[in-house]
Amino acid sequence: MKELTVGIVGIQGDVEEHKRSLEHAFRDMDLNGNIRWIRSPKELVSIDGLIIPGGESTVISNILSSRQMFQPIKDLINKGLPVLGTCAGLIILAKKNYDKVVGEKEQPKLGVMNVTVERNFFGRQKESFEAELEIQKLGNKKFKGVFIRAPSIIEVGSDVQILSKLNDLAVAVQEGNIIGTTFHPELICDIRLHKYFLTTIISNQ
Ligand code: GLN
């Protein structure tokens, strides 16, 4: 199999944690994988998949916008590039994002996934929590979801598959080549979600 290059938007947030999880998943799947930090449009050339980490979506999106990275990323995703967005990453992928305090947010976004998310749905930092999730695609063993100032997915388009729910709220979704989670799979040792993402990249080759 050819080498895989997975880009991680390396602007702000838990970028190192995604790198560690990906490296672990590469080893586990016996893949010849490279990781590339994506901080400018030219680094997007020839990547096979892209991760947009959690962190602060306003910061990440303002910097992506000022570096003129939205359009090239959007073009790649529309052509089928597999992408995983976690927490703030999902907010940036969503068609619409909403905030109880300020209403619909005008922050720049990719807007490629047919979901509406509400930022900081569960409250502030101190309301962060963990929950055992059922994610059938990852097998029977529960998956620990780490929710940190997490958004909620409040509307899901008909073409979007719900991979996991918590108390009736979708917390992991997939629309073709786009996967989004409201929690942080990169903050735990369980790499099953990263492995699942890598299988979507492999089947896209
Ligand atoms: N609340 C953050 C935001 O709206 C996301 C938090 C996270 O990624 N852990 O950008």
# chains A, B, ... in the order shown; residues from 1 in each chain; ligands from 1
call {"tool": "residues_around", "arguments": {"residues": "Thr200 (chain A)", "least_positions_apart": "5", "cutoff": "9 Å", "atoms": "only C-alpha atoms", "output": "NGL selection string"}}
result
:A and (49 or 82 or 177 or 195 or 205)
call {"tool": "residues_around", "arguments": {"residues": "Ile11 (chain A)", "least_positions_apart": "3", "cutoff": "8 Å", "atoms": "only C-alpha atoms", "output": "ChimeraX atom specification"}}
result
/A:15,38-39,60,63
call {"tool": "select_by_dssp", "arguments": {"residues": "chain A", "states": "alpha helix (DSSP H)", "output": "MDAnalysis selection string"}}
result
chainID A and resid 15:28 57:66 70:78 88:93 192:203
call {"tool": "closest_atom_pairs", "arguments": {"of": "chain A", "to": "ligand 1", "cutoff": "10 Å", "atoms": "only C-alpha atoms and all ligand atoms", "output": "CSV"}}
result
residue,atom,partner,partner_atom_place_in_ligand_line,distance
A:Gln12,CA,ligand 1,8 (O),10.0
A:Gly13,CA,ligand 1,8 (O),7.3
A:Asp14,CA,ligand 1,8 (O),8.4
A:Ile52,CA,ligand 1,8 (O),9.9
A:Pro53,CA,ligand 1,8 (O),7.2
A:Gly54,CA,ligand 1,8 (O),3.5
A:Gly55,CA,ligand 1,8 (O),3.8
A:Glu56,CA,ligand 1,10 (O),3.7
A:Ser57,CA,ligand 1,10 (O),3.5
A:Thr58,CA,ligand 1,10 (O),5.9
A:Val59,CA,ligand 1,10 (O),7.8
A:Ile60,CA,ligand 1,10 (O),8.3
A:Ser61,CA,ligand 1,10 (O),9.2
A:Gly85,CA,ligand 1,8 (O),9.6
A:Thr86,CA,ligand 1,8 (O),6.8
A:Cys87,CA,ligand 1,8 (O),4.2
A:Ala88,CA,ligand 1,8 (O),3.8
A:Gly89,CA,ligand 1,8 (O),6.9
A:Leu90,CA,ligand 1,8 (O),8.4
A:Ile91,CA,ligand 1,10 (O),6.9
A:Ile92,CA,ligand 1,10 (O),8.5
A:Asn97,CA,ligand 1,4 (O),9.3
A:Tyr98,CA,ligand 1,4 (O),9.5
A:Asp99,CA,ligand 1,4 (O),8.4
A:Val117,CA,ligand 1,4 (O),9.6
A:Glu118,CA,ligand 1,4 (O),8.4
A:Arg119,CA,ligand 1,4 (O),4.8
A:Asn120,CA,ligand 1,1 (N),4.9
A:Phe121,CA,ligand 1,1 (N),8.3
A:Phe122,CA,ligand 1,1 (N),9.5
A:Gly123,CA,ligand 1,1 (N),8.8
A:Arg124,CA,ligand 1,1 (N),7.9
A:Gln125,CA,ligand 1,1 (N),8.5
A:Ser128,CA,ligand 1,9 (N),9.0
A:Val146,CA,ligand 1,9 (N),8.9
A:Phe147,CA,ligand 1,9 (N),6.9
A:Ile148,CA,ligand 1,9 (N),4.5
A:Arg149,CA,ligand 1,1 (N),4.5
A:Ala150,CA,ligand 1,6 (C),5.2
A:Pro151,CA,ligand 1,1 (N),6.4
A:Thr181,CA,ligand 1,8 (O),9.9
A:Thr182,CA,ligand 1,8 (O),7.9
A:Phe183,CA,ligand 1,9 (N),7.3
A:His184,CA,ligand 1,9 (N),7.3
call {"tool": "closest_residue", "arguments": {"among": "A:Val171, A:Val115, A:Ile77, A:Ile191", "to": "Arg27 (chain A)", "atoms": "only C-alpha atoms"}}
result
A:Ile191
call {"tool": "atom_distance", "arguments": {"atom1": "CA of His194 (chain A)", "atom2": "CA of Val45 (chain A)"}}
result
21.6 Å
call {"tool": "atom_distance", "arguments": {"atom1": "CA of Gly7 (chain A)", "atom2": "CA of Val160 (chain A)"}}
result
23.6 Å
call {"tool": "closest_residue", "arguments": {"among": "A:Asn114, A:Ser152, A:Gln136, A:Asn204", "to": "Glu175 (chain A)", "atoms": "only C-alpha atoms"}}
result
A:Asn114
call {"tool": "residues_around", "arguments": {"residues": "region 70-74 of chain A", "least_positions_apart": "3", "cutoff": "7 Å", "atoms": "only C-alpha atoms", "output": "PyMOL selection string"}}
result
chain A and resi 41+64-65+77-78+110
call {"tool": "write_last_selection", "arguments": {"atoms": "N, CA and C atoms", "output": "PDB file, in the first residue's frame"}}
result
ATOM      1  N   PRO A  41      -1.922  27.284   2.991  1.00  0.00           N
ATOM      2  CA  PRO A  41      -2.551  26.555   1.881  1.00  0.00           C
ATOM      3  C   PRO A  41      -1.591  25.599   1.184  1.00  0.00           C
ATOM      4  N   LEU A  64      -7.503  30.582  10.052  1.00  0.00           N
ATOM      5  CA  LEU A  64      -7.675  29.914   8.741  1.00  0.00           C
ATOM      6  C   LEU A  64      -8.134  30.931   7.697  1.00  0.00           C
ATOM      7  N   SER A  65      -9.030  31.821   8.134  1.00  0.00           N
ATOM      8  CA  SER A  65      -9.564  32.812   7.200  1.00  0.00           C
ATOM      9  C   SER A  65      -8.477  33.819   6.793  1.00  0.00           C
ATOM     10  N   ILE A  77     -12.407  18.977   0.365  1.00  0.00           N
ATOM     11  CA  ILE A  77     -13.469  18.178   1.015  1.00  0.00           C
ATOM     12  C   ILE A  77     -14.584  17.890   0.000  1.00  0.00           C
ATOM     13  N   ASN A  78     -14.930  18.907  -0.798  1.00  0.00           N
ATOM     14  CA  ASN A  78     -15.978  18.686  -1.810  1.00  0.00           C
ATOM     15  C   ASN A  78     -15.555  17.663  -2.856  1.00  0.00           C
ATOM     16  N   LEU A 110     -16.196  26.452   7.354  1.00  0.00           N
ATOM     17  CA  LEU A 110     -16.173  25.672   6.118  1.00  0.00           C
ATOM     18  C   LEU A 110     -17.596  25.427   5.630  1.00  0.00           C
TER      19      LEU A 110
END
call {"tool": "select_by_dssp", "arguments": {"residues": "region 15-144 of chain A", "states": "strand (DSSP E or B)", "output": "PyMOL selection string"}}
result
chain A and resi 33-38+49-52+83-86+94-99+103-104+113-119+129-133+143-144
call {"tool": "write_last_selection", "arguments": {"atoms": "C-alpha atoms", "output": "PDB file, in the first residue's frame"}}
result
ATOM      1  CA  GLY A  33       1.743   6.964   7.570  1.00  0.00           C
ATOM      2  CA  ASN A  34       3.050  10.505   7.706  1.00  0.00           C
ATOM      3  CA  ILE A  35       1.628  13.435   9.605  1.00  0.00           C
ATOM      4  CA  ARG A  36       1.856  16.950   8.294  1.00  0.00           C
ATOM      5  CA  TRP A  37       0.995  20.153  10.165  1.00  0.00           C
ATOM      6  CA  ILE A  38      -1.314  22.269   8.059  1.00  0.00           C
ATOM      7  CA  GLY A  49      -6.961  13.057   4.951  1.00  0.00           C
ATOM      8  CA  LEU A  50      -7.328  16.031   7.278  1.00  0.00           C
ATOM      9  CA  ILE A  51      -8.021  16.487  10.985  1.00  0.00           C
ATOM     10  CA  ILE A  52      -9.387  19.715  12.432  1.00  0.00           C
ATOM     11  CA  VAL A  83     -11.891  14.880   7.174  1.00  0.00           C
ATOM     12  CA  LEU A  84     -12.350  14.462  10.920  1.00  0.00           C
ATOM     13  CA  GLY A  85     -13.397  17.452  13.019  1.00  0.00           C
ATOM     14  CA  THR A  86     -13.470  17.156  16.788  1.00  0.00           C
ATOM     15  CA  ALA A  94     -20.900  22.651  10.282  1.00  0.00           C
ATOM     16  CA  LYS A  95     -23.240  24.468   7.882  1.00  0.00           C
ATOM     17  CA  LYS A  96     -24.575  26.574  10.724  1.00  0.00           C
ATOM     18  CA  ASN A  97     -23.402  27.331  14.186  1.00  0.00           C
ATOM     19  CA  TYR A  98     -25.326  29.009  16.874  1.00  0.00           C
ATOM     20  CA  ASP A  99     -24.539  30.367  20.315  1.00  0.00           C
ATOM     21  CA  GLY A 103     -27.285  33.850  18.270  1.00  0.00           C
ATOM     22  CA  GLU A 104     -26.156  32.661  14.847  1.00  0.00           C
ATOM     23  CA  MET A 113     -21.446  19.373   6.855  1.00  0.00           C
ATOM     24  CA  ASN A 114     -25.214  19.435   6.915  1.00  0.00           C
ATOM     25  CA  VAL A 115     -25.618  19.954  10.668  1.00  0.00           C
ATOM     26  CA  THR A 116     -26.365  22.880  12.970  1.00  0.00           C
ATOM     27  CA  VAL A 117     -24.347  23.021  16.150  1.00  0.00           C
ATOM     28  CA  GLU A 118     -24.853  25.051  19.273  1.00  0.00           C
ATOM     29  CA  ARG A 119     -21.590  26.146  20.842  1.00  0.00           C
ATOM     30  CA  PHE A 129     -17.715  15.954  31.670  1.00  0.00           C
ATOM     31  CA  GLU A 130     -16.997  12.429  30.502  1.00  0.00           C
ATOM     32  CA  ALA A 131     -19.557   9.864  29.355  1.00  0.00           C
ATOM     33  CA  GLU A 132     -19.468   6.270  28.166  1.00  0.00           C
ATOM     34  CA  LEU A 133     -20.727   6.213  24.591  1.00  0.00           C
ATOM     35  CA  PHE A 143     -16.030   4.598  24.072  1.00  0.00           C
ATOM     36  CA  LYS A 144     -15.151   7.271  26.625  1.00  0.00           C
TER      37      LYS A 144
END
call {"tool": "decode", "arguments": {"residues": "region 126-162 of chain A", "atoms": "N, CA and C atoms", "output": "compact mmCIF listing (two decimals), in the first residue's frame"}}
result
# COMPACT_ATOMS: atom_id res chain seq x y z
N LYS A 126 -16.24 24.51 33.61
CA LYS A 126 -16.50 23.70 34.80
C LYS A 126 -17.65 22.70 34.58
N GLU A 127 -18.38 22.86 33.51
CA GLU A 127 -19.44 21.89 33.20
C GLU A 127 -18.94 20.79 32.25
N SER A 128 -17.63 20.73 32.05
CA SER A 128 -17.08 19.68 31.20
C SER A 128 -17.30 18.32 31.87
N PHE A 129 -17.41 17.27 31.08
CA PHE A 129 -17.71 15.95 31.67
C PHE A 129 -17.24 14.82 30.75
N GLU A 130 -17.29 13.62 31.31
CA GLU A 130 -17.00 12.43 30.50
C GLU A 130 -18.23 11.53 30.50
N ALA A 131 -18.41 10.78 29.43
CA ALA A 131 -19.56 9.86 29.35
C ALA A 131 -19.17 8.65 28.53
N GLU A 132 -19.71 7.51 28.92
CA GLU A 132 -19.47 6.27 28.17
C GLU A 132 -20.43 6.22 26.99
N LEU A 133 -19.89 6.13 25.79
CA LEU A 133 -20.73 6.21 24.59
C LEU A 133 -20.79 4.88 23.87
N GLU A 134 -21.93 4.66 23.26
CA GLU A 134 -22.06 3.49 22.39
C GLU A 134 -21.83 3.96 20.96
N ILE A 135 -20.81 3.38 20.33
CA ILE A 135 -20.55 3.74 18.93
C ILE A 135 -20.42 2.43 18.17
N GLN A 136 -21.52 2.01 17.56
CA GLN A 136 -21.55 0.68 16.96
C GLN A 136 -20.43 0.41 15.97
N LYS A 137 -20.07 1.43 15.20
CA LYS A 137 -19.02 1.24 14.19
C LYS A 137 -17.69 0.88 14.84
N LEU A 138 -17.54 1.18 16.14
CA LEU A 138 -16.27 0.91 16.81
C LEU A 138 -16.33 -0.38 17.63
N GLY A 139 -17.42 -1.11 17.53
CA GLY A 139 -17.54 -2.38 18.26
C GLY A 139 -18.38 -2.22 19.52
N ASN A 140 -18.46 -3.32 20.29
CA ASN A 140 -19.37 -3.33 21.44
C ASN A 140 -18.84 -2.57 22.64
N LYS A 141 -17.51 -2.53 22.77
CA LYS A 141 -16.93 -1.88 23.95
C LYS A 141 -17.27 -0.37 23.91
N LYS A 142 -17.72 0.16 25.06
CA LYS A 142 -18.08 1.58 25.11
C LYS A 142 -16.84 2.45 24.86
N PHE A 143 -17.11 3.65 24.40
CA PHE A 143 -16.03 4.60 24.07
C PHE A 143 -16.17 5.78 25.02
N LYS A 144 -15.05 6.16 25.66
CA LYS A 144 -15.15 7.27 26.62
C LYS A 144 -15.16 8.62 25.88
N GLY A 145 -16.25 9.34 26.02
CA GLY A 145 -16.35 10.66 25.38
C GLY A 145 -15.93 11.73 26.38
N VAL A 146 -14.96 12.54 25.99
CA VAL A 146 -14.53 13.65 26.85
C VAL A 146 -15.13 14.93 26.26
N PHE A 147 -16.00 15.56 27.01
CA PHE A 147 -16.73 16.73 26.52
C PHE A 147 -16.22 17.98 27.24
N ILE A 148 -15.57 18.86 26.51
CA ILE A 148 -15.00 20.06 27.13
C ILE A 148 -15.60 21.30 26.45
N ARG A 149 -16.37 22.05 27.18
CA ARG A 149 -17.10 23.19 26.58
C ARG A 149 -17.65 22.77 25.21
N ALA A 150 -18.29 21.63 25.26
CA ALA A 150 -18.66 20.97 23.99
C ALA A 150 -19.88 21.61 23.35
N PRO A 151 -19.91 21.55 22.02
CA PRO A 151 -21.13 21.97 21.33
C PRO A 151 -22.13 20.83 21.36
N SER A 152 -23.35 21.13 20.93
CA SER A 152 -24.31 20.08 20.71
C SER A 152 -24.76 20.16 19.25
N ILE A 153 -25.10 19.01 18.71
CA ILE A 153 -25.60 18.99 17.33
C ILE A 153 -27.11 19.10 17.44
N ILE A 154 -27.66 20.25 17.04
CA ILE A 154 -29.09 20.45 17.28
C ILE A 154 -29.95 20.20 16.05
N GLU A 155 -29.34 20.12 14.88
CA GLU A 155 -30.09 19.74 13.67
C GLU A 155 -29.19 18.86 12.82
N VAL A 156 -29.77 17.80 12.29
CA VAL A 156 -29.00 16.85 11.49
C VAL A 156 -29.69 16.69 10.14
N GLY A 157 -28.99 16.95 9.05
CA GLY A 157 -29.57 16.80 7.71
C GLY A 157 -29.86 15.34 7.41
N SER A 158 -30.74 15.10 6.43
CA SER A 158 -31.20 13.74 6.17
C SER A 158 -30.06 12.85 5.65
N ASP A 159 -29.05 13.45 5.05
CA ASP A 159 -27.94 12.66 4.51
C ASP A 159 -26.84 12.42 5.54
N VAL A 160 -27.07 12.84 6.76
CA VAL A 160 -26.05 12.70 7.81
C VAL A 160 -26.38 11.48 8.68
N GLN A 161 -25.38 10.64 8.86
CA GLN A 161 -25.57 9.44 9.66
C GLN A 161 -25.16 9.74 11.11
N ILE A 162 -25.99 9.34 12.05
CA ILE A 162 -25.64 9.54 13.46
C ILE A 162 -24.87 8.32 13.94
